[in-house]
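Shown below: entry-v8.cif, with mmCIF, C-alpha atoms.
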```
data_upload
#
loop_
_atom_site.label_atom_id
_atom_site.label_comp_id
_atom_site.auth_asym_id
_atom_site.auth_seq_id
_atom_site.Cartn_x
_atom_site.Cartn_y
_atom_site.Cartn_z
CA MET D 1 28.09 14.47 9.87
CA LEU D 2 26.10 14.91 13.06
CA LYS D 3 27.38 11.66 14.60
CA LEU D 4 30.92 13.07 14.51
CA GLN D 5 29.90 16.18 16.50
CA PRO D 6 30.75 16.32 20.20
CA ILE D 7 27.66 15.70 22.35
CA SER D 8 27.68 19.27 23.73
CA LYS D 9 27.82 20.70 20.19
CA PHE D 10 24.95 18.46 19.01
CA LEU D 11 22.91 19.66 22.00
CA ASP D 12 23.73 23.31 21.16
CA ILE D 13 22.63 23.02 17.53
CA THR D 14 19.50 21.13 18.56
CA ALA D 15 18.65 23.91 21.05
CA SER D 16 19.21 26.64 18.42
CA ASP D 17 16.43 28.32 16.44
CA SER D 18 17.17 26.13 13.41
CA PRO D 19 14.45 23.45 13.05
CA ALA D 20 16.97 20.71 12.15
CA PRO D 21 18.31 18.71 13.87
CA GLY D 22 15.06 18.39 15.81
CA GLY D 23 12.79 15.67 17.12
CA GLY D 24 13.49 13.30 14.22
CA SER D 25 17.26 13.22 14.66
CA VAL D 26 16.90 13.09 18.45
CA SER D 27 14.60 10.04 18.08
CA ALA D 28 17.23 8.33 15.90
CA LEU D 29 19.90 9.16 18.51
CA ALA D 30 17.69 7.77 21.29
CA ALA D 31 17.37 4.52 19.30
CA SER D 32 21.17 4.43 18.82
CA LEU D 33 21.60 4.79 22.60
CA GLY D 34 19.09 1.99 23.17
CA ALA D 35 20.97 -0.34 20.82
CA ALA D 36 24.31 0.61 22.45
CA LEU D 37 22.96 -0.31 25.90
CA GLY D 38 21.64 -3.60 24.48
CA SER D 39 25.11 -4.41 23.12
CA MET D 40 26.72 -3.49 26.45
CA VAL D 41 24.44 -5.88 28.37
CA CYS D 42 25.24 -8.66 25.85
CA ARG D 43 28.99 -8.09 26.21
CA ILE D 44 29.00 -7.93 30.03
CA THR D 45 26.77 -11.01 30.31
CA MET D 46 28.90 -13.00 27.85
CA LYS D 47 31.97 -12.14 29.98
CA LYS D 48 30.35 -13.08 33.30
CA ASN D 49 27.99 -15.93 32.44
CA ALA D 50 29.62 -19.31 31.93
CA ASN D 51 26.48 -20.87 30.39
CA VAL D 52 27.49 -21.74 26.82
CA ALA D 53 23.94 -21.71 25.44
CA ILE D 54 23.41 -18.16 26.76
CA GLN D 55 26.81 -17.08 25.41
CA ILE D 56 25.94 -18.37 21.92
CA GLU D 57 22.47 -16.79 21.98
CA LEU D 58 23.77 -13.41 23.16
CA GLU D 59 26.60 -13.41 20.64
CA SER D 60 24.06 -13.64 17.84
CA VAL D 61 21.89 -10.95 19.50
CA LEU D 62 24.96 -8.71 19.87
CA ILE D 63 25.80 -8.94 16.15
CA LYS D 64 22.23 -7.92 15.21
CA CYS D 65 22.18 -5.18 17.84
CA GLU D 66 25.40 -3.64 16.53
CA LYS D 67 24.08 -3.67 12.95
CA LEU D 68 20.92 -1.91 14.13
CA ARG D 69 23.02 0.64 16.05
CA ASP D 70 24.85 1.51 12.81
CA LYS D 71 21.55 1.99 10.96
CA PHE D 72 20.04 4.08 13.78
CA THR D 73 23.12 6.31 13.85
CA MET D 74 22.90 6.90 10.09
CA LEU D 75 19.27 7.99 10.53
CA ILE D 76 20.41 10.86 12.80
CA ASP D 77 21.81 12.55 9.68
CA GLU D 78 19.21 11.21 7.26
CA ASP D 79 16.36 12.79 9.18
CA THR D 80 18.03 16.21 9.25
CA ASN D 81 18.89 15.91 5.52
CA ALA D 82 15.31 14.96 4.64
CA PHE D 83 14.02 17.97 6.56
CA LYS D 84 16.47 20.27 4.78
CA LYS D 85 15.17 19.00 1.41
CA VAL D 86 11.66 20.11 2.42
CA ILE D 87 12.97 23.61 3.23
CA ASP D 88 14.93 23.72 -0.06
CA ALA D 89 11.83 22.70 -2.03
CA TYR D 90 9.76 25.50 -0.46
CA ARG D 91 12.46 27.97 -1.55
CA LEU D 92 12.18 27.03 -5.25
CA PRO D 93 10.81 29.80 -7.53
CA LYS D 94 7.06 29.84 -8.17
CA GLU D 95 6.64 32.74 -10.60
CA THR D 96 5.55 30.80 -13.68
CA ALA D 97 3.02 27.96 -13.83
CA GLU D 98 5.83 25.60 -14.82
CA GLN D 99 7.99 26.70 -11.86
CA SER D 100 5.04 26.32 -9.55
CA ALA D 101 4.33 22.78 -10.76
CA HIS D 102 8.00 21.84 -10.41
CA ARG D 103 8.09 23.34 -6.89
CA ASN D 104 4.94 21.48 -5.82
CA ALA D 105 6.34 18.19 -7.11
CA ALA D 106 9.62 18.82 -5.26
CA ILE D 107 7.74 19.64 -2.03
CA GLN D 108 5.65 16.46 -2.30
CA SER D 109 8.71 14.32 -3.01
CA ALA D 110 10.60 15.90 -0.09
CA TYR D 111 7.71 15.31 2.32
CA LYS D 112 7.58 11.66 1.22
CA ASP D 113 11.29 11.27 2.03
CA ALA D 114 10.75 13.07 5.36
CA THR D 115 7.98 10.55 6.14
CA VAL D 116 9.87 7.47 4.97
CA VAL D 117 12.88 8.19 7.24
CA PRO D 118 10.94 8.10 10.56
CA ILE D 119 8.96 5.08 9.29
CA LEU D 120 12.24 3.27 8.66
CA LEU D 121 13.26 4.23 12.20
CA LEU D 122 9.99 2.73 13.43
CA GLU D 123 10.60 -0.54 11.54
CA LEU D 124 14.10 -0.81 12.98
CA CYS D 125 12.73 -0.10 16.50
CA ALA D 126 10.49 -3.17 16.07
CA GLU D 127 13.62 -5.26 15.32
CA ALA D 128 15.50 -3.71 18.27
CA ILE D 129 12.72 -4.33 20.80
CA ALA D 130 12.67 -8.03 19.85
CA LEU D 131 16.40 -8.17 20.69
CA LEU D 132 15.92 -6.26 23.96
CA LYS D 133 13.28 -8.80 25.01
CA ILE D 134 15.97 -11.51 24.90
CA ILE D 135 18.53 -9.19 26.51
CA GLY D 136 16.11 -8.33 29.35
CA GLU D 137 15.53 -12.03 30.05
CA LYS D 138 19.07 -13.37 29.65
CA GLY D 139 21.11 -10.33 30.67
CA ASN D 140 23.23 -10.24 33.81
CA LYS D 141 21.20 -9.09 36.84
CA ASN D 142 23.63 -6.22 37.59
CA THR D 143 22.95 -4.73 34.16
CA LEU D 144 19.16 -4.91 34.47
CA SER D 145 18.72 -1.14 34.74
CA ASP D 146 20.90 -0.67 31.64
CA ALA D 147 18.68 -3.07 29.68
CA GLY D 148 15.67 -1.16 31.05
CA VAL D 149 17.01 2.22 29.91
CA GLY D 150 17.71 0.60 26.51
CA VAL D 151 14.04 -0.37 26.28
CA LEU D 152 12.95 3.15 27.31
CA MET D 153 15.14 4.66 24.58
CA ILE D 154 13.74 2.35 21.86
CA GLY D 155 10.18 2.95 23.10
CA SER D 156 10.65 6.73 22.98
CA ALA D 157 12.35 6.57 19.59
CA CYS D 158 9.31 4.68 18.28
CA GLU D 159 6.81 7.21 19.70
CA GLY D 160 8.96 10.08 18.41
CA ALA D 161 9.20 8.51 14.95
CA VAL D 162 5.40 8.30 14.78
CA MET D 163 5.00 11.98 15.73
CA ASN D 164 7.55 13.00 13.12
CA ALA D 165 6.03 10.84 10.40
CA ARG D 166 2.58 12.17 11.26
CA ILE D 167 3.57 15.84 11.06
CA ASN D 168 5.11 15.28 7.61
CA ILE D 169 2.52 12.90 6.15
CA ALA D 170 -0.17 15.55 6.78
CA ASN D 171 1.29 17.53 3.86
CA ILE D 172 1.20 14.67 1.34
CA THR D 173 -1.56 14.66 -1.29
CA ASP D 174 -0.92 11.11 -2.59
CA LEU D 175 -3.69 9.44 -0.58
CA SER D 176 -2.68 5.85 -1.35
CA PHE D 177 0.82 6.61 0.06
CA VAL D 178 -0.77 8.26 3.11
CA GLU D 179 -3.21 5.43 3.85
CA ALA D 180 -0.72 2.59 3.36
CA ASN D 181 1.84 4.26 5.61
CA LYS D 182 -0.64 5.24 8.32
CA ILE D 183 -1.84 1.63 8.60
CA MET D 184 1.73 0.34 8.81
CA MET D 185 2.68 3.01 11.35
CA ASN D 186 -0.21 2.23 13.66
CA SER D 187 0.46 -1.48 13.68
CA LEU D 188 4.22 -1.07 14.23
CA GLN D 189 3.69 1.49 17.00
CA SER D 190 1.28 -0.79 18.87
CA ALA D 191 3.64 -3.74 18.56
CA VAL D 192 6.70 -1.82 19.80
CA THR D 193 5.00 0.01 22.69
CA ASN D 194 3.21 -3.14 23.91
CA SER D 195 6.45 -5.07 23.78
CA ALA D 196 8.34 -2.26 25.56
CA HIS D 197 5.77 -2.17 28.38
CA GLN D 198 5.94 -5.94 28.86
CA ILE D 199 9.75 -6.00 28.96
CA LEU D 200 9.86 -3.05 31.39
CA TYR D 201 7.28 -4.73 33.59
CA ARG D 202 9.44 -7.84 33.88
CA ILE D 203 12.63 -5.84 34.42
CA ASN D 204 11.00 -3.79 37.19
CA GLU D 205 9.76 -7.01 38.78
CA ARG D 206 13.33 -8.30 38.90
CA LEU D 207 14.59 -4.92 40.19
CA PHE D 208 11.93 -4.87 42.93
CA SER D 209 12.96 -8.37 44.02
CA TYR D 210 16.35 -7.04 45.17
CA MET O 1 34.60 14.66 29.80
CA LEU O 2 31.91 12.55 28.16
CA LYS O 3 30.00 15.57 26.82
CA LEU O 4 33.06 16.51 24.73
CA GLN O 5 33.16 13.08 23.05
CA PRO O 6 31.80 12.75 19.51
CA ILE O 7 28.38 11.06 19.51
CA SER O 8 29.71 7.96 17.68
CA LYS O 9 32.51 7.59 20.26
CA PHE O 10 30.06 7.94 23.18
CA LEU O 11 27.91 5.24 21.58
CA ASP O 12 30.96 2.98 21.14
CA ILE O 13 32.04 3.27 24.78
CA THR O 14 28.47 2.76 25.97
CA ALA O 15 28.22 -0.41 23.84
CA SER O 16 31.55 -1.74 25.17
CA ASP O 17 31.85 -4.32 27.98
CA SER O 18 32.65 -1.57 30.50
CA PRO O 19 29.62 -0.96 32.76
CA ALA O 20 30.09 2.84 32.69
CA PRO O 21 28.84 4.91 30.93
CA GLY O 22 25.61 2.92 31.11
CA GLY O 23 21.93 3.51 31.74
CA GLY O 24 22.52 6.35 34.21
CA SER O 25 24.59 8.50 31.87
CA VAL O 26 22.28 7.68 28.95
CA SER O 27 19.30 8.84 31.06
CA ALA O 28 21.09 12.13 31.78
CA LEU O 29 21.84 12.53 28.05
CA ALA O 30 18.18 11.83 27.20
CA ALA O 31 17.17 14.59 29.63
CA SER O 32 19.73 16.95 28.02
CA LEU O 33 18.20 16.20 24.60
CA GLY O 34 14.71 16.87 25.99
CA ALA O 35 15.79 20.25 27.39
CA ALA O 36 17.54 21.10 24.09
CA LEU O 37 14.33 20.41 22.13
CA GLY O 38 12.37 22.53 24.62
CA SER O 39 14.78 25.43 24.04
CA MET O 40 14.55 25.00 20.27
CA VAL O 41 10.72 25.23 20.35
CA CYS O 42 10.95 28.37 22.53
CA ARG O 43 13.42 30.01 20.14
CA ILE O 44 11.47 29.16 16.95
CA THR O 45 8.17 30.26 18.50
CA MET O 46 9.65 33.55 19.75
CA LYS O 47 10.92 34.23 16.21
CA LYS O 48 7.60 33.41 14.52
CA ASN O 49 4.96 34.46 17.03
CA ALA O 50 4.29 38.21 17.24
CA ASN O 51 2.25 37.91 20.46
CA VAL O 52 4.29 39.87 23.05
CA ALA O 53 2.84 38.06 26.08
CA ILE O 54 3.86 34.68 24.59
CA GLN O 55 7.30 36.04 23.67
CA ILE O 56 7.89 37.22 27.26
CA GLU O 57 6.62 33.97 28.77
CA LEU O 58 8.74 31.79 26.45
CA GLU O 59 11.85 33.92 27.01
CA SER O 60 11.63 33.17 30.73
CA VAL O 61 10.95 29.46 29.99
CA LEU O 62 13.95 29.38 27.63
CA ILE O 63 16.32 30.74 30.29
CA LYS O 64 15.19 28.07 32.76
CA CYS O 65 15.35 25.36 30.10
CA GLU O 66 18.93 26.23 29.18
CA LYS O 67 19.99 26.18 32.85
CA LEU O 68 18.43 22.73 33.21
CA ARG O 69 20.18 21.56 30.03
CA ASP O 70 23.54 22.53 31.57
CA LYS O 71 22.76 20.60 34.75
CA PHE O 72 21.53 17.53 32.84
CA THR O 73 24.68 17.52 30.72
CA MET O 74 26.88 17.64 33.84
CA LEU O 75 25.03 14.60 35.19
CA ILE O 76 26.18 12.52 32.16
CA ASP O 77 29.68 12.58 33.68
CA GLU O 78 28.59 12.62 37.31
CA ASP O 79 26.70 9.35 36.95
CA THR O 80 29.68 7.58 35.35
CA ASN O 81 32.03 9.01 38.02
CA ALA O 82 29.72 7.90 40.85
CA PHE O 83 29.63 4.39 39.38
CA LYS O 84 33.42 4.29 39.10
CA LYS O 85 33.68 5.20 42.81
CA VAL O 86 31.61 2.10 43.65
CA ILE O 87 34.00 -0.08 41.63
CA ASP O 88 37.03 1.57 43.28
CA ALA O 89 35.57 1.00 46.75
CA TYR O 90 35.07 -2.72 46.05
CA ARG O 91 38.75 -2.95 45.04
CA LEU O 92 40.01 -1.66 48.44
CA PRO O 93 41.96 -4.21 50.52
CA LYS O 94 40.01 -6.27 53.07
CA GLU O 95 42.72 -8.33 54.73
CA THR O 96 42.58 -6.85 58.23
CA ALA O 97 39.44 -6.00 60.24
CA GLU O 98 40.38 -2.33 59.99
CA GLN O 99 40.76 -2.51 56.18
CA SER O 100 37.49 -4.35 55.92
CA ALA O 101 35.64 -1.73 57.96
CA HIS O 102 37.18 1.07 55.90
CA ARG O 103 36.23 -0.74 52.67
CA ASN O 104 32.64 -1.28 53.80
CA ALA O 105 32.28 2.38 54.75
CA ALA O 106 33.69 3.42 51.34
CA ILE O 107 31.27 1.06 49.52
CA GLN O 108 28.29 2.45 51.46
CA SER O 109 29.34 6.03 50.81
CA ALA O 110 29.88 5.32 47.08
CA TYR O 111 26.45 3.67 46.75
CA LYS O 112 24.86 6.70 48.42
CA ASP O 113 26.51 8.99 45.84
CA ALA O 114 25.43 6.64 43.03
CA THR O 115 21.86 6.88 44.35
CA VAL O 116 21.87 10.64 44.89
CA VAL O 117 22.93 11.38 41.27
CA PRO O 118 19.90 9.70 39.59
CA ILE O 119 17.62 11.20 42.28
CA LEU O 120 18.95 14.65 41.38
CA LEU O 121 18.24 13.81 37.72
CA LEU O 122 14.70 12.89 38.74
CA GLU O 123 14.21 16.20 40.60
CA LEU O 124 15.44 18.15 37.59
CA CYS O 125 13.14 16.13 35.28
CA ALA O 126 10.21 17.36 37.42
CA GLU O 127 11.34 20.95 36.77
CA ALA O 128 11.81 20.26 33.05
CA ILE O 129 8.40 18.68 32.56
CA ALA O 130 6.74 21.77 34.07
CA LEU O 131 8.52 23.87 31.42
CA LEU O 132 7.57 21.45 28.61
CA LYS O 133 3.92 21.75 29.66
CA ILE O 134 4.07 25.47 28.82
CA ILE O 135 6.14 24.80 25.67
CA GLY O 136 3.63 22.18 24.46
CA GLU O 137 0.77 24.65 24.91
CA LYS O 138 2.38 27.83 23.59
CA GLY O 139 4.87 26.40 21.08
CA ASN O 140 4.55 26.95 17.33
CA LYS O 141 2.35 24.28 15.71
CA ASN O 142 5.12 23.28 13.25
CA THR O 143 7.38 22.35 16.17
CA LEU O 144 4.77 20.26 17.96
CA SER O 145 6.52 16.96 17.25
CA ASP O 146 9.80 18.43 18.56
CA ALA O 147 8.08 19.42 21.81
CA GLY O 148 6.59 15.91 21.91
CA VAL O 149 9.97 14.22 21.50
CA GLY O 150 11.28 16.54 24.24
CA VAL O 151 8.57 15.24 26.58
CA LEU O 152 9.39 11.63 25.63
CA MET O 153 13.07 12.21 26.44
CA ILE O 154 12.31 13.75 29.85
CA GLY O 155 9.78 10.99 30.61
CA SER O 156 12.33 8.27 29.76
CA ALA O 157 15.09 10.02 31.68
CA CYS O 158 12.81 10.02 34.74
CA GLU O 159 11.97 6.30 34.42
CA GLY O 160 15.65 5.52 33.78
CA ALA O 161 16.72 7.55 36.82
CA VAL O 162 14.34 5.55 39.02
CA MET O 163 15.70 2.22 37.75
CA ASN O 164 19.27 3.37 38.35
CA ALA O 165 18.53 4.73 41.81
CA ARG O 166 16.70 1.52 42.70
CA ILE O 167 19.54 -0.79 41.63
CA ASN O 168 22.00 1.20 43.78
CA ILE O 169 19.80 1.87 46.80
CA ALA O 170 19.33 -1.89 47.20
CA ASN O 171 22.93 -2.07 48.48
CA ILE O 172 22.57 0.62 51.15
CA THR O 173 22.25 -0.44 54.79
CA ASP O 174 21.28 2.99 56.20
CA LEU O 175 17.54 2.34 56.33
CA SER O 176 16.50 5.91 57.09
CA PHE O 177 18.36 7.07 53.93
CA VAL O 178 16.72 4.25 51.94
CA GLU O 179 13.17 4.96 53.16
CA ALA O 180 13.33 8.75 52.77
CA ASN O 181 14.69 8.47 49.23
CA LYS O 182 12.27 5.73 48.15
CA ILE O 183 9.30 7.87 49.23
CA MET O 184 10.65 10.92 47.39
CA MET O 185 11.45 8.86 44.29
CA ASN O 186 7.96 7.36 44.09
CA SER O 187 6.23 10.70 44.41
CA LEU O 188 8.51 12.44 41.85
CA GLN O 189 8.17 9.56 39.38
CA SER O 190 4.36 9.64 39.56
CA ALA O 191 4.29 13.40 39.11
CA VAL O 192 6.63 13.41 36.09
CA THR O 193 5.09 10.43 34.28
CA ASN O 194 1.52 11.67 34.82
CA SER O 195 2.48 15.09 33.56
CA ALA O 196 4.33 13.62 30.56
CA HIS O 197 1.29 11.52 29.59
CA GLN O 198 -1.03 14.53 29.81
CA ILE O 199 1.24 16.75 27.71
CA LEU O 200 1.72 14.01 25.08
CA TYR O 201 -2.03 13.44 24.97
CA ARG O 202 -2.64 17.10 24.15
CA ILE O 203 0.22 17.24 21.62
CA ASN O 204 -1.10 14.14 19.83
CA GLU O 205 -4.57 15.67 19.79
CA ARG O 206 -3.17 18.74 18.03
CA LEU O 207 -1.11 16.54 15.65
CA PHE O 208 -4.18 14.43 14.80
CA SER O 209 -6.16 17.57 14.02
CA TYR O 210 -3.86 18.29 11.06
#
```

Represent the supplied structure as structure tokens.
Amino acid sequence: MLKLQPISKFLDITASDSPAPGGGSVSALAASLGAALGSMVCRITMKKNANVAIQIELESVLIKCEKLRDKFTMLIDEDTNAFKKVIDAYRLPKETAEQSAHRNAAIQSAYKDATVVPILLLELCAEAIALLKIIGEKGNKNTLSDAGVGVLMIGSACEGAVMNARINIANITDLSFVEANKIMMNSLQSAVTNSAHQILYRINERLFSY
Amino acid sequence: MLKLQPISKFLDITASDSPAPGGGSVSALAASLGAALGSMVCRITMKKNANVAIQIELESVLIKCEKLRDKFTMLIDEDTNAFKKVIDAYRLPKETAEQSAHRNAAIQSAYKDATVVPILLLELCAEAIALLKIIGEKGNKNTLSDAGVGVLMIGSACEGAVMNARINIANITDLSFVEANKIMMNSLQSAVTNSAHQILYRINERLFSY
């Protein structure tokens, strides 16, 4: 599993001439880092802030953030596995008409999986950014830049997920699948990036006020 | 060393209630991931593109990209170490006037180090984005989303570096240090983010044309 690899090893295999892990797994890792920073800000604030209402709110945010972190981390491997299935499908024999039909069906199915994984990442980024909004507002002032980097990571993971979904969806011939997913992608991307900009704006305002 | 930790372990210690590793180390890791993706696109393109001029150009870009990746990866630890020095300085005794003066000098020196590390990250991001501009233009079309995620990672690392530098520089009393670094930071940040937006715009144009 990729998540069990040392960081330097993961970087080496990403930098190699093998196409996976690539941008999809890196986007999932970026989202995992964003969720981890969100959890850190919750934990530090809960330790330092005596306000019981904030403690209760952040405890519930922390639980959700940690669940999202688990899911994001699983997607690091799932994206690479989905990509490998596409490669495997292309390698199927295509000598007879039957083989060719089977290969085409396998390619289409693999591209759908390779599109669904980044779209799931995108959906989870929308959940994460809603948590980071609360974290950016209620988080301890000394951890403001950590919350900000968390937002940047989720924002980039979202943009990366869209690029990865788009490059795969272009190969899919099932037009109803393509249309439905493109509409969902566009609306999720707008929501996440708008939210990320707003949160960063407020965080930078608080940082500037130092 | 943090870079030798498994990814899941790095995520766990980031998510813990210890303030380091935090946003600074995560920004350096994001930059390392961006450089790794840049190298991957160079390697895949060199393998698949028979154009000798492009091969020679990307070989030189690859060498620079790998050197930057090494430096980015070292900054993952350097940022955490610089932060720990700040904490250590605050823990120095301050009972006598002499102790207090020594402690203040140590705190100021530690904050300068903790500002210089993200500023170095920012300078290296400017070098990396210049390489990704070439990679985005000359890279194989199938690796376009990988180049795009690389740009996103460098762009976020740059924004993260600025937030981290800003939160530390606010504690520094040496105004000539503060002013000189703020001016440099602003100009580097504008250059990197403008460049990142332009490269992403062109990559998305090529992705849309699929």

(request) Kindly determine which residues of chain O lie within 8 Å of chain D, considering only C-alpha atoms, and give the answer as an MDAnalysis selection string. (result) chainID O and resid 2:8 11:12 14:19 22:24 26:27 30 32:33 35:41 43:44 73 142:143 145:150 152:153 156 159:160 163:164 166:167 170 204 207:208 210

Dump as a PDB file, keeping the file's coordinate frame, selection limited to C-alpha atoms:
```pdb
ATOM      1  CA  LEU O   2      31.910  12.550  28.160  1.00  0.00           C
ATOM      2  CA  LYS O   3      30.000  15.570  26.820  1.00  0.00           C
ATOM      3  CA  LEU O   4      33.060  16.510  24.730  1.00  0.00           C
ATOM      4  CA  GLN O   5      33.160  13.080  23.050  1.00  0.00           C
ATOM      5  CA  PRO O   6      31.800  12.750  19.510  1.00  0.00           C
ATOM      6  CA  ILE O   7      28.380  11.060  19.510  1.00  0.00           C
ATOM      7  CA  SER O   8      29.710   7.960  17.680  1.00  0.00           C
ATOM      8  CA  LEU O  11      27.910   5.240  21.580  1.00  0.00           C
ATOM      9  CA  ASP O  12      30.960   2.980  21.140  1.00  0.00           C
ATOM     10  CA  THR O  14      28.470   2.760  25.970  1.00  0.00           C
ATOM     11  CA  ALA O  15      28.220  -0.410  23.840  1.00  0.00           C
ATOM     12  CA  SER O  16      31.550  -1.740  25.170  1.00  0.00           C
ATOM     13  CA  ASP O  17      31.850  -4.320  27.980  1.00  0.00           C
ATOM     14  CA  SER O  18      32.650  -1.570  30.500  1.00  0.00           C
ATOM     15  CA  PRO O  19      29.620  -0.960  32.760  1.00  0.00           C
ATOM     16  CA  GLY O  22      25.610   2.920  31.110  1.00  0.00           C
ATOM     17  CA  GLY O  23      21.930   3.510  31.740  1.00  0.00           C
ATOM     18  CA  GLY O  24      22.520   6.350  34.210  1.00  0.00           C
ATOM     19  CA  VAL O  26      22.280   7.680  28.950  1.00  0.00           C
ATOM     20  CA  SER O  27      19.300   8.840  31.060  1.00  0.00           C
ATOM     21  CA  ALA O  30      18.180  11.830  27.200  1.00  0.00           C
ATOM     22  CA  SER O  32      19.730  16.950  28.020  1.00  0.00           C
ATOM     23  CA  LEU O  33      18.200  16.200  24.600  1.00  0.00           C
ATOM     24  CA  ALA O  35      15.790  20.250  27.390  1.00  0.00           C
ATOM     25  CA  ALA O  36      17.540  21.100  24.090  1.00  0.00           C
ATOM     26  CA  LEU O  37      14.330  20.410  22.130  1.00  0.00           C
ATOM     27  CA  GLY O  38      12.370  22.530  24.620  1.00  0.00           C
ATOM     28  CA  SER O  39      14.780  25.430  24.040  1.00  0.00           C
ATOM     29  CA  MET O  40      14.550  25.000  20.270  1.00  0.00           C
ATOM     30  CA  VAL O  41      10.720  25.230  20.350  1.00  0.00           C
ATOM     31  CA  ARG O  43      13.420  30.010  20.140  1.00  0.00           C
ATOM     32  CA  ILE O  44      11.470  29.160  16.950  1.00  0.00           C
ATOM     33  CA  THR O  73      24.680  17.520  30.720  1.00  0.00           C
ATOM     34  CA  ASN O 142       5.120  23.280  13.250  1.00  0.00           C
ATOM     35  CA  THR O 143       7.380  22.350  16.170  1.00  0.00           C
ATOM     36  CA  SER O 145       6.520  16.960  17.250  1.00  0.00           C
ATOM     37  CA  ASP O 146       9.800  18.430  18.560  1.00  0.00           C
ATOM     38  CA  ALA O 147       8.080  19.420  21.810  1.00  0.00           C
ATOM     39  CA  GLY O 148       6.590  15.910  21.910  1.00  0.00           C
ATOM     40  CA  VAL O 149       9.970  14.220  21.500  1.00  0.00           C
ATOM     41  CA  GLY O 150      11.280  16.540  24.240  1.00  0.00           C
ATOM     42  CA  LEU O 152       9.390  11.630  25.630  1.00  0.00           C
ATOM     43  CA  MET O 153      13.070  12.210  26.440  1.00  0.00           C
ATOM     44  CA  SER O 156      12.330   8.270  29.760  1.00  0.00           C
ATOM     45  CA  GLU O 159      11.970   6.300  34.420  1.00  0.00           C
ATOM     46  CA  GLY O 160      15.650   5.520  33.780  1.00  0.00           C
ATOM     47  CA  MET O 163      15.700   2.220  37.750  1.00  0.00           C
ATOM     48  CA  ASN O 164      19.270   3.370  38.350  1.00  0.00           C
ATOM     49  CA  ARG O 166      16.700   1.520  42.700  1.00  0.00           C
ATOM     50  CA  ILE O 167      19.540  -0.790  41.630  1.00  0.00           C
ATOM     51  CA  ALA O 170      19.330  -1.890  47.200  1.00  0.00           C
ATOM     52  CA  ASN O 204      -1.100  14.140  19.830  1.00  0.00           C
ATOM     53  CA  LEU O 207      -1.110  16.540  15.650  1.00  0.00           C
ATOM     54  CA  PHE O 208      -4.180  14.430  14.800  1.00  0.00           C
ATOM     55  CA  TYR O 210      -3.860  18.290  11.060  1.00  0.00           C
TER      56      TYR O 210
END
```

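One finds CA of Glu127 (chain O) at 19.8 Å from CA of Ile54 (chain O).
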
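When CA of Asp174 (chain D) is paired with CA of Lys112 (chain D), their separation reads 9.3 Å.
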
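Interatomic distance, CA of Ile119 (chain D) against CA of Glu78 (chain D): 12.1 Å.
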
Enclose region 43-50 of chain D, meaning all of its atoms listed in the file, in a box aligned along x, y and z, pad it by 4 Å on each side, and list the centre and edge lengths in Å to one decimal, as AutoDock Vina command-line options.
```
--center_x 29.4 --center_y -13.6 --center_z 29.8 --size_x 13.2 --size_y 19.4 --size_z 15.1
```

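Considering the residues O:Thr80, O:Gln108, O:Leu122, O:Lys138 and counting all atoms listed in the file, Thr193 (chain O) has its shortest atom-to-atom contact with O:Leu122.
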
(message) Neighbouring residues of Ala28 (chain O) were defined as those with any atom within 6 Å, considering all atoms listed in the file; residues of the same chain fewer than 6 positions away were excluded. Please report them as an MDAnalysis selection string.
(response) chainID O and resid 72 75:76

(message) Selection in question (the file shown): the PyMOL selection byres ((chain O and resi 99-104) around 12). Which residues does it include, as number ranges by chain?
(response) O: 85-98, 105-111, 171-173

Starting from the incomplete input, reconstruct N, CA and C atoms of region 157-165 of chain O and write that as a short mmCIF file (atom, residue, chain, number, x, y, z; two decimals), in the coordinates of the input.
```
data_model
loop_
_atom_site.label_atom_id
_atom_site.label_comp_id
_atom_site.auth_asym_id
_atom_site.auth_seq_id
_atom_site.Cartn_x
_atom_site.Cartn_y
_atom_site.Cartn_z
N ALA O 157 14.00 9.72 30.75
CA ALA O 157 15.09 10.02 31.68
C ALA O 157 14.62 9.81 33.11
N CYS O 158 13.38 10.20 33.39
CA CYS O 158 12.81 10.02 34.74
C CYS O 158 12.69 8.54 35.08
N GLU O 159 12.13 7.76 34.16
CA GLU O 159 11.97 6.30 34.42
C GLU O 159 13.35 5.64 34.56
N GLY O 160 14.29 6.07 33.72
CA GLY O 160 15.65 5.52 33.78
C GLY O 160 16.32 5.87 35.09
N ALA O 161 16.12 7.11 35.55
CA ALA O 161 16.72 7.55 36.82
C ALA O 161 16.21 6.68 37.97
N VAL O 162 14.91 6.37 37.94
CA VAL O 162 14.34 5.55 39.02
C VAL O 162 14.95 4.15 39.01
N MET O 163 15.10 3.56 37.82
CA MET O 163 15.70 2.22 37.75
C MET O 163 17.13 2.23 38.27
N ASN O 164 17.88 3.28 37.91
CA ASN O 164 19.27 3.37 38.35
C ASN O 164 19.37 3.61 39.85
N ALA O 165 18.50 4.48 40.36
CA ALA O 165 18.53 4.73 41.81
C ALA O 165 18.18 3.45 42.55
#
```
